[in-house]
$ cat model.pdb   # PDB, C-alpha atoms
ATOM      1  CA  MET G 530      82.755 113.747  88.905  1.00  0.00           C
ATOM      2  CA  THR G 531      83.696 117.417  89.118  1.00  0.00           C
ATOM      3  CA  ILE G 532      82.385 119.436  92.039  1.00  0.00           C
ATOM      4  CA  ASN G 533      81.350 123.036  91.425  1.00  0.00           C
ATOM      5  CA  ILE G 534      81.888 124.840  94.727  1.00  0.00           C
ATOM      6  CA  LYS G 535      80.062 127.931  93.439  1.00  0.00           C
ATOM      7  CA  GLU G 536      76.819 125.959  93.233  1.00  0.00           C
ATOM      8  CA  MET G 537      77.076 124.207  96.635  1.00  0.00           C
ATOM      9  CA  THR G 538      74.948 124.963  99.636  1.00  0.00           C
ATOM     10  CA  GLN G 539      76.737 125.789 102.880  1.00  0.00           C
ATOM     11  CA  GLU G 540      75.845 122.337 104.216  1.00  0.00           C
ATOM     12  CA  GLU G 541      77.332 120.629 101.144  1.00  0.00           C
ATOM     13  CA  LEU G 542      80.504 122.697 101.489  1.00  0.00           C
ATOM     14  CA  ASP G 543      80.751 121.873 105.198  1.00  0.00           C
ATOM     15  CA  ASN G 544      80.353 118.177 104.392  1.00  0.00           C
ATOM     16  CA  LEU G 545      83.075 118.376 101.732  1.00  0.00           C
ATOM     17  CA  ILE G 546      85.466 120.113 104.129  1.00  0.00           C
ATOM     18  CA  ASN G 547      84.754 117.515 106.825  1.00  0.00           C
ATOM     19  CA  GLU G 548      85.369 114.710 104.335  1.00  0.00           C
ATOM     20  CA  ILE G 549      88.724 116.243 103.350  1.00  0.00           C
ATOM     21  CA  LYS G 550      89.593 116.679 107.032  1.00  0.00           C
ATOM     22  CA  GLU G 551      88.903 112.991 107.717  1.00  0.00           C
ATOM     23  CA  LYS G 552      90.376 111.433 104.572  1.00  0.00           C
ATOM     24  CA  ALA G 553      93.300 113.776 103.901  1.00  0.00           C
ATOM     25  CA  PRO G 554      94.221 115.645 107.090  1.00  0.00           C
ATOM     26  CA  ASN G 555      97.452 117.088 105.676  1.00  0.00           C
ATOM     27  CA  LEU G 556      95.599 118.474 102.658  1.00  0.00           C
ATOM     28  CA  TYR G 557      93.092 120.011 105.057  1.00  0.00           C
ATOM     29  CA  LEU G 558      95.972 121.668 106.984  1.00  0.00           C
ATOM     30  CA  PHE G 559      97.412 122.992 103.713  1.00  0.00           C
ATOM     31  CA  ILE G 560      94.053 124.505 102.728  1.00  0.00           C
ATOM     32  CA  GLN G 561      93.505 125.906 106.222  1.00  0.00           C
ATOM     33  CA  ASP G 562      96.958 127.504 106.292  1.00  0.00           C
ATOM     34  CA  PHE G 563      96.295 129.142 102.919  1.00  0.00           C
ATOM     35  CA  LEU G 564      92.932 130.497 104.076  1.00  0.00           C
ATOM     36  CA  ASP G 565      94.563 131.759 107.292  1.00  0.00           C
ATOM     37  CA  LYS G 566      97.211 133.509 105.135  1.00  0.00           C
ATOM     38  CA  LYS G 567     100.029 131.372 106.550  1.00  0.00           C
ATOM     39  CA  LEU G 568     100.805 130.252 102.976  1.00  0.00           C
ATOM     40  CA  SER G 569     101.302 132.819 100.229  1.00  0.00           C
ATOM     41  CA  SER G 570      99.761 132.669  96.785  1.00  0.00           C
ATOM     42  CA  GLU G 571     103.265 132.154  95.415  1.00  0.00           C
ATOM     43  CA  GLU G 572     103.738 129.070  97.613  1.00  0.00           C
ATOM     44  CA  VAL G 573     100.426 127.636  96.414  1.00  0.00           C
ATOM     45  CA  ASP G 574     101.361 128.408  92.799  1.00  0.00           C
ATOM     46  CA  GLY G 575     104.635 126.560  93.404  1.00  0.00           C
ATOM     47  CA  PHE G 576     102.688 123.589  94.722  1.00  0.00           C
ATOM     48  CA  PHE G 577     100.451 123.531  91.633  1.00  0.00           C
ATOM     49  CA  SER G 578     103.482 123.706  89.332  1.00  0.00           C
ATOM     50  CA  MET G 579     104.856 120.457  90.824  1.00  0.00           C
ATOM     51  CA  ASP G 580     104.268 117.116  89.166  1.00  0.00           C
ATOM     52  CA  LEU G 581     101.717 114.826  90.817  1.00  0.00           C
ATOM     53  CA  GLU G 582     104.293 112.698  92.644  1.00  0.00           C
ATOM     54  CA  SER G 583     105.973 115.784  94.125  1.00  0.00           C
ATOM     55  CA  GLN G 584     102.578 117.171  95.191  1.00  0.00           C
ATOM     56  CA  LEU G 585     101.737 113.923  96.974  1.00  0.00           C
ATOM     57  CA  LEU G 586     105.089 113.887  98.774  1.00  0.00           C
ATOM     58  CA  TYR G 587     104.647 117.544  99.751  1.00  0.00           C
ATOM     59  CA  ILE G 588     101.139 117.040 101.137  1.00  0.00           C
ATOM     60  CA  ASN G 589     101.999 113.778 102.899  1.00  0.00           C
ATOM     61  CA  SER G 590     104.851 115.492 104.756  1.00  0.00           C
ATOM     62  CA  TYR G 591     103.038 118.832 105.301  1.00  0.00           C
ATOM     63  CA  GLN G 592     102.821 120.184 108.827  1.00  0.00           C
ATOM     64  CA  ALA G 593     100.625 123.090 109.888  1.00  0.00           C
ATOM     65  CA  ARG G 594     102.328 126.436 110.312  1.00  0.00           C
ATOM     66  CA  ALA G 595     102.314 128.209 113.622  1.00  0.00           C
TER      67      ALA G 595
END

$ encode --input "model.pdb" --output "structure tokens"
Amino acid sequence: MTINIKEMTQEELDNLINEIKEKAPNLYLFIQDFLDKKLSSEEVDGFFSMDLESQLLYINSYQARA
């Protein structure tokens, strides 16, 4: 199932973010760092250009930026 964020209520979005935070904490940190401008668009583009295995390794070893 594909989720359309543009059609979500704030409560649904909050629930999705909390679910990501619980189930994939490193992915949550990655997203949070991007939203806090600690990751550049170029870095995120680089992440999306990786193959799936490389993305998983990257996220699994990701640490929040100071």

$ atom_distance --input "model.pdb" --atom1 "atom CA of Phe576 of chain G" --atom2 "atom CA of Phe559 of chain G"
10.4 Å

$ residues_around --input "model.pdb" --residues "Ser590 of chain G" --least-positions-apart "5" --cutoff "12 Å" --atoms "all atoms listed in the file" --output "ChimeraX atom specification"
/G:553-556,558-559,583-585

$ atom_distance --input "model.pdb" --atom1 "atom CA of Gly575 of chain G" --atom2 "atom CA of Asp562 of chain G"
15.0 Å

$ residues_near_point --input "model.pdb" --point "(102.2, 134.1, 109.5)" --cutoff "8 Å" --atoms "all atoms listed in the file" --output "VMD selection string"
chain G and resid 566 to 568 594 to 595

$ atom_distance --input "model.pdb" --atom1 "atom CA of Ile588 of chain G" --atom2 "atom CA of Tyr557 of chain G"
9.4 Å

$ closest_residue --input "model.pdb" --among "G:Gln561, G:Gln539, G:Ser578, G:Asn544" --to "Ala593 of chain G" --atoms "all atoms listed in the file"
G:Gln561

$ axis_aligned_box --input "model.pdb" --around "segment 578-589 of chain G" --padding-each-side "4 Å" --output "AutoDock Vina command-line options"
--center_x 103.6 --center_y 118.2 --center_z 96.0 --size_x 12.8 --size_y 19.0 --size_z 21.7

$ decode --input "model.pdb" --residues "segment 544-575 of chain G" --atoms "N, CA, C and O atoms" --output "PDB file, in the first residue's frame"
ATOM      1  N   ASN G 544       1.201   9.798  13.674  1.00  0.00           N
ATOM      2  CA  ASN G 544       1.243   8.357  13.922  1.00  0.00           C
ATOM      3  C   ASN G 544       2.274   7.673  13.042  1.00  0.00           C
ATOM      4  O   ASN G 544       2.995   6.774  13.492  1.00  0.00           O
ATOM      5  N   LEU G 545       2.372   8.091  11.780  1.00  0.00           N
ATOM      6  CA  LEU G 545       3.363   7.527  10.866  1.00  0.00           C
ATOM      7  C   LEU G 545       4.771   7.829  11.357  1.00  0.00           C
ATOM      8  O   LEU G 545       5.629   6.936  11.397  1.00  0.00           O
ATOM      9  N   ILE G 546       5.019   9.066  11.751  1.00  0.00           N
ATOM     10  CA  ILE G 546       6.339   9.453  12.252  1.00  0.00           C
ATOM     11  C   ILE G 546       6.684   8.659  13.507  1.00  0.00           C
ATOM     12  O   ILE G 546       7.814   8.175  13.657  1.00  0.00           O
ATOM     13  N   ASN G 547       5.731   8.496  14.410  1.00  0.00           N
ATOM     14  CA  ASN G 547       5.979   7.713  15.623  1.00  0.00           C
ATOM     15  C   ASN G 547       6.263   6.252  15.302  1.00  0.00           C
ATOM     16  O   ASN G 547       7.114   5.623  15.946  1.00  0.00           O
ATOM     17  N   GLU G 548       5.582   5.712  14.306  1.00  0.00           N
ATOM     18  CA  GLU G 548       5.821   4.329  13.900  1.00  0.00           C
ATOM     19  C   GLU G 548       7.231   4.169  13.327  1.00  0.00           C
ATOM     20  O   GLU G 548       7.939   3.209  13.649  1.00  0.00           O
ATOM     21  N   ILE G 549       7.654   5.128  12.510  1.00  0.00           N
ATOM     22  CA  ILE G 549       9.019   5.101  11.964  1.00  0.00           C
ATOM     23  C   ILE G 549      10.025   5.209  13.105  1.00  0.00           C
ATOM     24  O   ILE G 549      11.034   4.486  13.137  1.00  0.00           O
ATOM     25  N   LYS G 550       9.762   6.097  14.049  1.00  0.00           N
ATOM     26  CA  LYS G 550      10.665   6.299  15.182  1.00  0.00           C
ATOM     27  C   LYS G 550      10.841   5.014  15.987  1.00  0.00           C
ATOM     28  O   LYS G 550      11.950   4.694  16.419  1.00  0.00           O
ATOM     29  N   GLU G 551       9.765   4.255  16.171  1.00  0.00           N
ATOM     30  CA  GLU G 551       9.816   3.019  16.935  1.00  0.00           C
ATOM     31  C   GLU G 551      10.443   1.868  16.153  1.00  0.00           C
ATOM     32  O   GLU G 551      11.259   1.127  16.682  1.00  0.00           O
ATOM     33  N   LYS G 552      10.051   1.719  14.891  1.00  0.00           N
ATOM     34  CA  LYS G 552      10.466   0.555  14.108  1.00  0.00           C
ATOM     35  C   LYS G 552      11.797   0.737  13.390  1.00  0.00           C
ATOM     36  O   LYS G 552      12.471  -0.244  13.085  1.00  0.00           O
ATOM     37  N   ALA G 553      12.152   1.971  13.080  1.00  0.00           N
ATOM     38  CA  ALA G 553      13.380   2.241  12.329  1.00  0.00           C
ATOM     39  C   ALA G 553      14.022   3.526  12.857  1.00  0.00           C
ATOM     40  O   ALA G 553      14.010   4.563  12.194  1.00  0.00           O
ATOM     41  N   PRO G 554      14.580   3.461  14.071  1.00  0.00           N
ATOM     42  CA  PRO G 554      15.098   4.687  14.692  1.00  0.00           C
ATOM     43  C   PRO G 554      16.196   5.388  13.889  1.00  0.00           C
ATOM     44  O   PRO G 554      16.249   6.622  13.875  1.00  0.00           O
ATOM     45  N   ASN G 555      17.032   4.637  13.187  1.00  0.00           N
ATOM     46  CA  ASN G 555      18.079   5.286  12.394  1.00  0.00           C
ATOM     47  C   ASN G 555      17.494   6.011  11.185  1.00  0.00           C
ATOM     48  O   ASN G 555      17.980   7.071  10.800  1.00  0.00           O
ATOM     49  N   LEU G 556      16.455   5.450  10.589  1.00  0.00           N
ATOM     50  CA  LEU G 556      15.769   6.134   9.495  1.00  0.00           C
ATOM     51  C   LEU G 556      15.130   7.416  10.014  1.00  0.00           C
ATOM     52  O   LEU G 556      15.189   8.461   9.359  1.00  0.00           O
ATOM     53  N   TYR G 557      14.548   7.347  11.181  1.00  0.00           N
ATOM     54  CA  TYR G 557      13.954   8.538  11.805  1.00  0.00           C
ATOM     55  C   TYR G 557      15.023   9.620  11.997  1.00  0.00           C
ATOM     56  O   TYR G 557      14.788  10.794  11.691  1.00  0.00           O
ATOM     57  N   LEU G 558      16.215   9.234  12.481  1.00  0.00           N
ATOM     58  CA  LEU G 558      17.302  10.205  12.678  1.00  0.00           C
ATOM     59  C   LEU G 558      17.723  10.825  11.351  1.00  0.00           C
ATOM     60  O   LEU G 558      17.991  12.028  11.278  1.00  0.00           O
ATOM     61  N   PHE G 559      17.788  10.001  10.305  1.00  0.00           N
ATOM     62  CA  PHE G 559      18.144  10.482   8.971  1.00  0.00           C
ATOM     63  C   PHE G 559      17.136  11.533   8.504  1.00  0.00           C
ATOM     64  O   PHE G 559      17.511  12.613   8.034  1.00  0.00           O
ATOM     65  N   ILE G 560      15.858  11.220   8.628  1.00  0.00           N
ATOM     66  CA  ILE G 560      14.798  12.154   8.233  1.00  0.00           C
ATOM     67  C   ILE G 560      14.871  13.429   9.072  1.00  0.00           C
ATOM     68  O   ILE G 560      14.791  14.546   8.550  1.00  0.00           O
ATOM     69  N   GLN G 561      15.042  13.274  10.369  1.00  0.00           N
ATOM     70  CA  GLN G 561      15.106  14.425  11.268  1.00  0.00           C
ATOM     71  C   GLN G 561      16.301  15.315  10.923  1.00  0.00           C
ATOM     72  O   GLN G 561      16.177  16.540  10.888  1.00  0.00           O
ATOM     73  N   ASP G 562      17.451  14.706  10.659  1.00  0.00           N
ATOM     74  CA  ASP G 562      18.624  15.505  10.296  1.00  0.00           C
ATOM     75  C   ASP G 562      18.407  16.254   8.987  1.00  0.00           C
ATOM     76  O   ASP G 562      18.842  17.395   8.839  1.00  0.00           O
ATOM     77  N   PHE G 563      17.722  15.642   8.031  1.00  0.00           N
ATOM     78  CA  PHE G 563      17.422  16.345   6.783  1.00  0.00           C
ATOM     79  C   PHE G 563      16.491  17.528   7.046  1.00  0.00           C
ATOM     80  O   PHE G 563      16.719  18.644   6.554  1.00  0.00           O
ATOM     81  N   LEU G 564      15.449  17.314   7.821  1.00  0.00           N
ATOM     82  CA  LEU G 564      14.501  18.389   8.116  1.00  0.00           C
ATOM     83  C   LEU G 564      15.144  19.506   8.926  1.00  0.00           C
ATOM     84  O   LEU G 564      14.766  20.671   8.782  1.00  0.00           O
ATOM     85  N   ASP G 565      16.137  19.158   9.754  1.00  0.00           N
ATOM     86  CA  ASP G 565      16.864  20.161  10.538  1.00  0.00           C
ATOM     87  C   ASP G 565      18.029  20.774   9.764  1.00  0.00           C
ATOM     88  O   ASP G 565      18.852  21.488  10.333  1.00  0.00           O
ATOM     89  N   LYS G 566      18.118  20.431   8.460  1.00  0.00           N
ATOM     90  CA  LYS G 566      19.150  20.953   7.559  1.00  0.00           C
ATOM     91  C   LYS G 566      20.565  20.552   7.970  1.00  0.00           C
ATOM     92  O   LYS G 566      21.533  21.257   7.702  1.00  0.00           O
ATOM     93  N   LYS G 567      20.689  19.412   8.637  1.00  0.00           N
ATOM     94  CA  LYS G 567      22.004  18.861   8.968  1.00  0.00           C
ATOM     95  C   LYS G 567      22.500  17.949   7.851  1.00  0.00           C
ATOM     96  O   LYS G 567      23.663  17.588   7.826  1.00  0.00           O
ATOM     97  N   LEU G 568      21.612  17.570   6.947  1.00  0.00           N
ATOM     98  CA  LEU G 568      21.925  16.808   5.742  1.00  0.00           C
ATOM     99  C   LEU G 568      21.520  17.661   4.550  1.00  0.00           C
ATOM    100  O   LEU G 568      20.427  18.228   4.537  1.00  0.00           O
ATOM    101  N   SER G 569      22.391  17.731   3.558  1.00  0.00           N
ATOM    102  CA  SER G 569      22.063  18.535   2.368  1.00  0.00           C
ATOM    103  C   SER G 569      21.213  17.723   1.397  1.00  0.00           C
ATOM    104  O   SER G 569      21.148  16.491   1.473  1.00  0.00           O
ATOM    105  N   SER G 570      20.610  18.423   0.479  1.00  0.00           N
ATOM    106  CA  SER G 570      19.836  17.763  -0.583  1.00  0.00           C
ATOM    107  C   SER G 570      20.737  16.851  -1.402  1.00  0.00           C
ATOM    108  O   SER G 570      20.314  15.774  -1.832  1.00  0.00           O
ATOM    109  N   GLU G 571      21.976  17.268  -1.602  1.00  0.00           N
ATOM    110  CA  GLU G 571      22.923  16.455  -2.366  1.00  0.00           C
ATOM    111  C   GLU G 571      23.216  15.137  -1.641  1.00  0.00           C
ATOM    112  O   GLU G 571      23.332  14.087  -2.280  1.00  0.00           O
ATOM    113  N   GLU G 572      23.336  15.187  -0.306  1.00  0.00           N
ATOM    114  CA  GLU G 572      23.572  13.964   0.453  1.00  0.00           C
ATOM    115  C   GLU G 572      22.383  13.010   0.364  1.00  0.00           C
ATOM    116  O   GLU G 572      22.552  11.798   0.232  1.00  0.00           O
ATOM    117  N   VAL G 573      21.179  13.577   0.400  1.00  0.00           N
ATOM    118  CA  VAL G 573      19.973  12.749   0.286  1.00  0.00           C
ATOM    119  C   VAL G 573      19.873  12.182  -1.127  1.00  0.00           C
ATOM    120  O   VAL G 573      19.542  11.003  -1.298  1.00  0.00           O
ATOM    121  N   ASP G 574      20.185  12.985  -2.137  1.00  0.00           N
ATOM    122  CA  ASP G 574      20.203  12.481  -3.511  1.00  0.00           C
ATOM    123  C   ASP G 574      21.197  11.333  -3.647  1.00  0.00           C
ATOM    124  O   ASP G 574      20.911  10.338  -4.312  1.00  0.00           O
ATOM    125  N   GLY G 575      22.362  11.474  -3.011  1.00  0.00           N
ATOM    126  CA  GLY G 575      23.360  10.406  -3.027  1.00  0.00           C
ATOM    127  C   GLY G 575      22.826   9.139  -2.389  1.00  0.00           C
ATOM    128  O   GLY G 575      23.055   8.033  -2.894  1.00  0.00           O
TER     129      GLY G 575
END
